[in-house]
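J.: Mind looking over this structure? Questions follow.
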Amino acid sequence: MTIVIGVLALQGAFIEHVQHVEKCIVENKDQYKEKLSVITVRDDNQLTKCDALIIPGGESTTMSLIAQRTGLYDDLHAFVHDPRKVIWGTCAGLIYLSQQLSNEAELLRTLDLLKVSVMRNAFGRQAQSSTRICDFSSFIPYCDDFPATFIRAPVIEEVLDPEEVQVLYKLDGKDNNGQELIVAAKQNDNILVTSFHPELAENDVRFHDWFIREFVLKAPMSGF
Ligand SMILES: NC(=O)CC[C@H](N)C(=O)O
């Protein structure tokens, strides 16, 4: 059996995710317990082939409008709500997955999955983009120097269901609303979100490798 990881390719930084997953497969295939492949997803036919789906960064309003216009919204909604599927949303993908937006919610019909409240563009106009070296070793073994790139990034201001959502990482300080700066979280064992872009860490696939090992290869579909 081959496990298929899809990358939603309606809009945004999908190619970088595909390249990172491909690099993981080439470099680590002997360590993975199952055969993996990666495809881009633009329609329902491609989506039905997938066991996991990465929703990339980009512009969440545009992504949501394209999904509605192409008729993919309902299929995406059903896919991400299936507990056997593995989902990872980065940046705009995080916004698109969330149940509640505290600002700029007009025109955006989210997939209503992640039980959090999110603030879009939480770092304001002053610092729209930055790369910070983050210590993720509390959840990714030995990964204490990861270059996390934030581009007009959202933050999770509030977890709406602490039983299902676990905070993985937050930045020091508060956002413009005086709320917490949660930038990585997981919901149950199959949904991961990051407000930064691990796919932009050049030649560094540690985050993607961890996603594959901790989520994709542990999901029910892979038989473990
Ligand atoms: N890099 C990104 O994905 C930016 C997200 C963008 N600010 C949005 O609201 O969709």
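Each chain in the structure tokens gets a letter, A, B, ..., in the order shown, and its residues are numbered from 1; ligands are numbered from 1 in order too.
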Residues near region 141-145 of chain A, anyone? I mean within 10 Å using only C-alpha atoms, not counting same-chain ones fewer than 4 positions away, as a PyMOL selection string.
T.: chain A and resi 132-137+206-207+210
J.: Would you export the selected residues with C-alpha atoms as a short mmCIF file (atom, residue, chain, number, x, y, z; two decimals), in the first residue's frame, please?
T.:
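Wrote it out as result.cif, contents follow:
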```
data_model
loop_
_atom_site.label_atom_id
_atom_site.label_comp_id
_atom_site.auth_asym_id
_atom_site.auth_seq_id
_atom_site.Cartn_x
_atom_site.Cartn_y
_atom_site.Cartn_z
CA ARG A 132 12.96 33.39 13.80
CA ILE A 133 15.10 30.55 15.03
CA CYS A 134 12.76 28.53 17.25
CA ASP A 135 13.37 25.73 19.73
CA PHE A 136 10.81 23.04 18.86
CA SER A 137 12.59 20.31 20.79
CA ARG A 206 13.00 18.28 9.79
CA PHE A 207 9.49 19.66 10.27
CA TRP A 210 8.31 14.91 11.89
#
```
J.: For chain A versus ligand 1, which residues have an atom no more than 9 Å away, and what is each residue's nearest atom pair and distance in Å rounded to one decimal, using only C-alpha atoms and all ligand atoms, chain-then-number order, as a Markdown table?
T.:
```
| residue | atom | partner | partner_atom_place_in_ligand_line | distance |
| --- | --- | --- | --- | --- |
| A:Gly12 | CA | ligand 1 | 3 (O) | 7.4 |
| A:Ala13 | CA | ligand 1 | 3 (O) | 8.0 |
| A:Pro56 | CA | ligand 1 | 3 (O) | 7.1 |
| A:Gly57 | CA | ligand 1 | 3 (O) | 3.4 |
| A:Gly58 | CA | ligand 1 | 3 (O) | 3.9 |
| A:Glu59 | CA | ligand 1 | 10 (O) | 3.5 |
| A:Ser60 | CA | ligand 1 | 10 (O) | 3.6 |
| A:Thr61 | CA | ligand 1 | 10 (O) | 6.0 |
| A:Thr62 | CA | ligand 1 | 10 (O) | 7.8 |
| A:Met63 | CA | ligand 1 | 10 (O) | 8.1 |
| A:Thr90 | CA | ligand 1 | 3 (O) | 6.9 |
| A:Cys91 | CA | ligand 1 | 3 (O) | 4.2 |
| A:Ala92 | CA | ligand 1 | 3 (O) | 3.8 |
| A:Gly93 | CA | ligand 1 | 3 (O) | 6.9 |
| A:Leu94 | CA | ligand 1 | 3 (O) | 8.3 |
| A:Ile95 | CA | ligand 1 | 10 (O) | 6.6 |
| A:Tyr96 | CA | ligand 1 | 10 (O) | 7.8 |
| A:Glu104 | CA | ligand 1 | 9 (O) | 8.0 |
| A:Met119 | CA | ligand 1 | 9 (O) | 8.8 |
| A:Arg120 | CA | ligand 1 | 9 (O) | 5.2 |
| A:Asn121 | CA | ligand 1 | 7 (N) | 5.0 |
| A:Ala122 | CA | ligand 1 | 7 (N) | 8.4 |
| A:Gln128 | CA | ligand 1 | 7 (N) | 8.9 |
| A:Ser129 | CA | ligand 1 | 1 (N) | 8.6 |
| A:Thr149 | CA | ligand 1 | 1 (N) | 9.0 |
| A:Phe150 | CA | ligand 1 | 1 (N) | 6.9 |
| A:Ile151 | CA | ligand 1 | 1 (N) | 4.4 |
| A:Arg152 | CA | ligand 1 | 7 (N) | 4.6 |
| A:Ala153 | CA | ligand 1 | 4 (C) | 5.2 |
| A:Pro154 | CA | ligand 1 | 7 (N) | 6.4 |
| A:Ser195 | CA | ligand 1 | 3 (O) | 7.7 |
| A:Phe196 | CA | ligand 1 | 1 (N) | 7.4 |
| A:His197 | CA | ligand 1 | 1 (N) | 7.4 |
```
J.: Write the residues of the preceding selection, restricted to N, CA and C atoms, as a short mmCIF file (atom, residue, chain, number, x, y, z; two decimals), in the first residue's frame.
T.:
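Final output, result_2.cif:
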```
data_model
loop_
_atom_site.label_atom_id
_atom_site.label_comp_id
_atom_site.auth_asym_id
_atom_site.auth_seq_id
_atom_site.Cartn_x
_atom_site.Cartn_y
_atom_site.Cartn_z
N GLY A 12 -1.18 29.70 -3.75
CA GLY A 12 -0.22 29.80 -2.65
C GLY A 12 1.03 28.95 -2.81
N ALA A 13 1.71 28.71 -1.66
CA ALA A 13 3.05 28.11 -1.65
C ALA A 13 2.98 26.58 -1.61
N PRO A 56 -1.62 24.78 2.08
CA PRO A 56 -0.44 25.65 2.18
C PRO A 56 -0.77 27.07 2.60
N GLY A 57 0.30 27.87 2.72
CA GLY A 57 0.14 29.30 2.91
C GLY A 57 -0.22 29.97 1.60
N GLY A 58 -0.67 31.19 1.70
CA GLY A 58 -1.08 31.93 0.51
C GLY A 58 -2.00 33.04 0.96
N GLU A 59 -3.18 33.08 0.40
CA GLU A 59 -4.17 34.08 0.78
C GLU A 59 -5.48 33.32 1.03
N SER A 60 -5.86 33.27 2.30
CA SER A 60 -6.96 32.37 2.66
C SER A 60 -8.28 32.78 2.02
N THR A 61 -8.51 34.09 1.86
CA THR A 61 -9.77 34.51 1.23
C THR A 61 -9.82 34.01 -0.22
N THR A 62 -8.71 34.19 -0.93
CA THR A 62 -8.66 33.75 -2.33
C THR A 62 -8.83 32.23 -2.41
N MET A 63 -8.13 31.52 -1.53
CA MET A 63 -8.22 30.05 -1.53
C MET A 63 -9.67 29.61 -1.33
N THR A 90 -0.75 25.30 6.94
CA THR A 90 0.27 26.29 7.27
C THR A 90 -0.25 27.68 6.91
N CYS A 91 -0.15 28.60 7.83
CA CYS A 91 -0.46 30.02 7.62
C CYS A 91 -1.88 30.21 7.07
N ALA A 92 -2.04 30.55 5.79
CA ALA A 92 -3.39 30.69 5.25
C ALA A 92 -4.18 29.38 5.45
N GLY A 93 -3.48 28.26 5.38
CA GLY A 93 -4.12 26.95 5.61
C GLY A 93 -4.69 26.84 7.01
N LEU A 94 -3.96 27.37 7.98
CA LEU A 94 -4.44 27.40 9.38
C LEU A 94 -5.74 28.23 9.46
N ILE A 95 -5.70 29.40 8.81
CA ILE A 95 -6.89 30.28 8.83
C ILE A 95 -8.08 29.54 8.21
N TYR A 96 -7.82 28.91 7.08
CA TYR A 96 -8.89 28.26 6.31
C TYR A 96 -9.52 27.09 7.09
N GLU A 104 -11.19 40.25 9.91
CA GLU A 104 -11.13 40.00 8.47
C GLU A 104 -11.82 38.69 8.07
N MET A 119 -6.50 35.17 14.76
CA MET A 119 -6.40 36.55 14.27
C MET A 119 -5.52 36.57 13.03
N ARG A 120 -6.06 37.10 11.92
CA ARG A 120 -5.27 37.19 10.69
C ARG A 120 -4.28 38.35 10.79
N ASN A 121 -3.18 38.24 10.10
CA ASN A 121 -2.17 39.31 10.04
C ASN A 121 -1.87 39.86 11.43
N ALA A 122 -1.60 38.97 12.36
CA ALA A 122 -1.55 39.34 13.77
C ALA A 122 -0.35 40.20 14.14
N GLN A 128 5.65 42.43 8.87
CA GLN A 128 4.80 41.49 8.15
C GLN A 128 5.51 40.17 7.91
N SER A 129 6.83 40.21 7.94
CA SER A 129 7.56 39.02 7.57
C SER A 129 8.86 38.93 8.36
N THR A 149 9.69 30.83 9.30
CA THR A 149 9.41 32.06 8.57
C THR A 149 7.93 32.43 8.71
N PHE A 150 7.71 33.66 9.16
CA PHE A 150 6.35 34.18 9.34
C PHE A 150 6.11 35.24 8.26
N ILE A 151 5.03 35.09 7.47
CA ILE A 151 4.72 36.07 6.42
C ILE A 151 3.26 36.51 6.61
N ARG A 152 3.07 37.72 7.00
CA ARG A 152 1.72 38.22 7.30
C ARG A 152 0.93 37.14 8.06
N ALA A 153 1.56 36.68 9.10
CA ALA A 153 1.10 35.45 9.75
C ALA A 153 -0.08 35.66 10.69
N PRO A 154 -0.95 34.65 10.76
CA PRO A 154 -2.00 34.66 11.77
C PRO A 154 -1.45 34.10 13.09
N SER A 195 1.42 28.57 12.06
CA SER A 195 1.18 29.86 11.42
C SER A 195 2.39 30.32 10.63
N PHE A 196 3.51 29.60 10.76
CA PHE A 196 4.71 29.89 9.98
C PHE A 196 4.83 28.89 8.82
N HIS A 197 5.95 29.01 8.08
CA HIS A 197 6.12 28.25 6.82
C HIS A 197 7.32 27.30 6.89
#
```
J.: Smallest atom-to-atom distance to Thr2 (chain A): which of A:Leu168, A:Val18, A:Ala201, A:Ala52, using only C-alpha atoms?
T.: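 When distances to Thr2 (chain A) are compared using only C-alpha atoms, the smallest one comes from A:Ala52.
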J.: List the spatial neighbours of region 72-80 of chain A as a list in words - criterion: any atom at most 10 Å away, only C-alpha atoms, same-chain residues fewer than 6 positions off excluded.
T.: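 In the requested form, the answer reads Leu8, Leu10, Arg42, Asp43, Asp44, Asn45, Leu47, Thr48, Cys50, Asp51, Ala52, Leu53, Met63, Ser64, Leu65, Ile66, Val86, Ile87, Trp88, Leu97, Arg109, Thr110, Leu111, Asp112, Leu113, Leu114, Asn190 and Ile191 of chain A.
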J.: Show which residues sit within 10 Å of Val38 (chain A), as a PyMOL selection string. Count only C-alpha atoms, and ignore same-chain residues fewer than 5 positions away.
T.: chain A and resi 3-7+17-22+25+50+52-53
J.: Report as a PyMOL selection string: the residues of region 5-215 of chain A with a DSSP assignment of alpha helix (DSSP H), based on the backbone of this structure.
T.: chain A and resi 14-28+44-47+60-69+73-80+92-97+206-211
J.: Could you check how far CA of Ile55 (chain A) sits from CA of Gly71 (chain A), in Å to one decimal?
T.: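 So the answer is 16.9 Å.
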J.: By how many Å are CA of Glu180 (chain A) and CA of Ala148 (chain A) apart?
T.: 17.8 Å
J.: Find the residue from A:Ile156, A:Gln187, A:Asn176, A:Val26 that sits nearest to His81 (chain A); use only C-alpha atoms when measuring.
T.: A:Gln187
J.: Please, what distance in Å, to one decimal, runs between CA of Thr70 (chain A) and CA of Ala9 (chain A)?
T.: 12.5 Å
J.: Could you check which of A:Asp204, A:Ala219, A:Gln179, A:Val118 is closest to Asp82 (chain A), using only C-alpha atoms?
T.: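 Using only C-alpha atoms, the shortest distance to Asp82 (chain A) belongs to A:Ala219.
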J.: Measuring between only C-alpha atoms, which one of A:Cys24, A:Ile15, A:Ala105, A:Ile54 shows the shortest distance to Asn203 (chain A)?
T.: A:Cys24
J.: Could you tell me which of A:Pro220, A:Asp161, A:Glu199, A:Gly124 comes closest to Asp175 (chain A) if we count only C-alpha atoms?
T.: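 Of A:Pro220, A:Asp161, A:Glu199, A:Gly124, the one nearest Asp175 (chain A) is A:Gly124, counting only C-alpha atoms.
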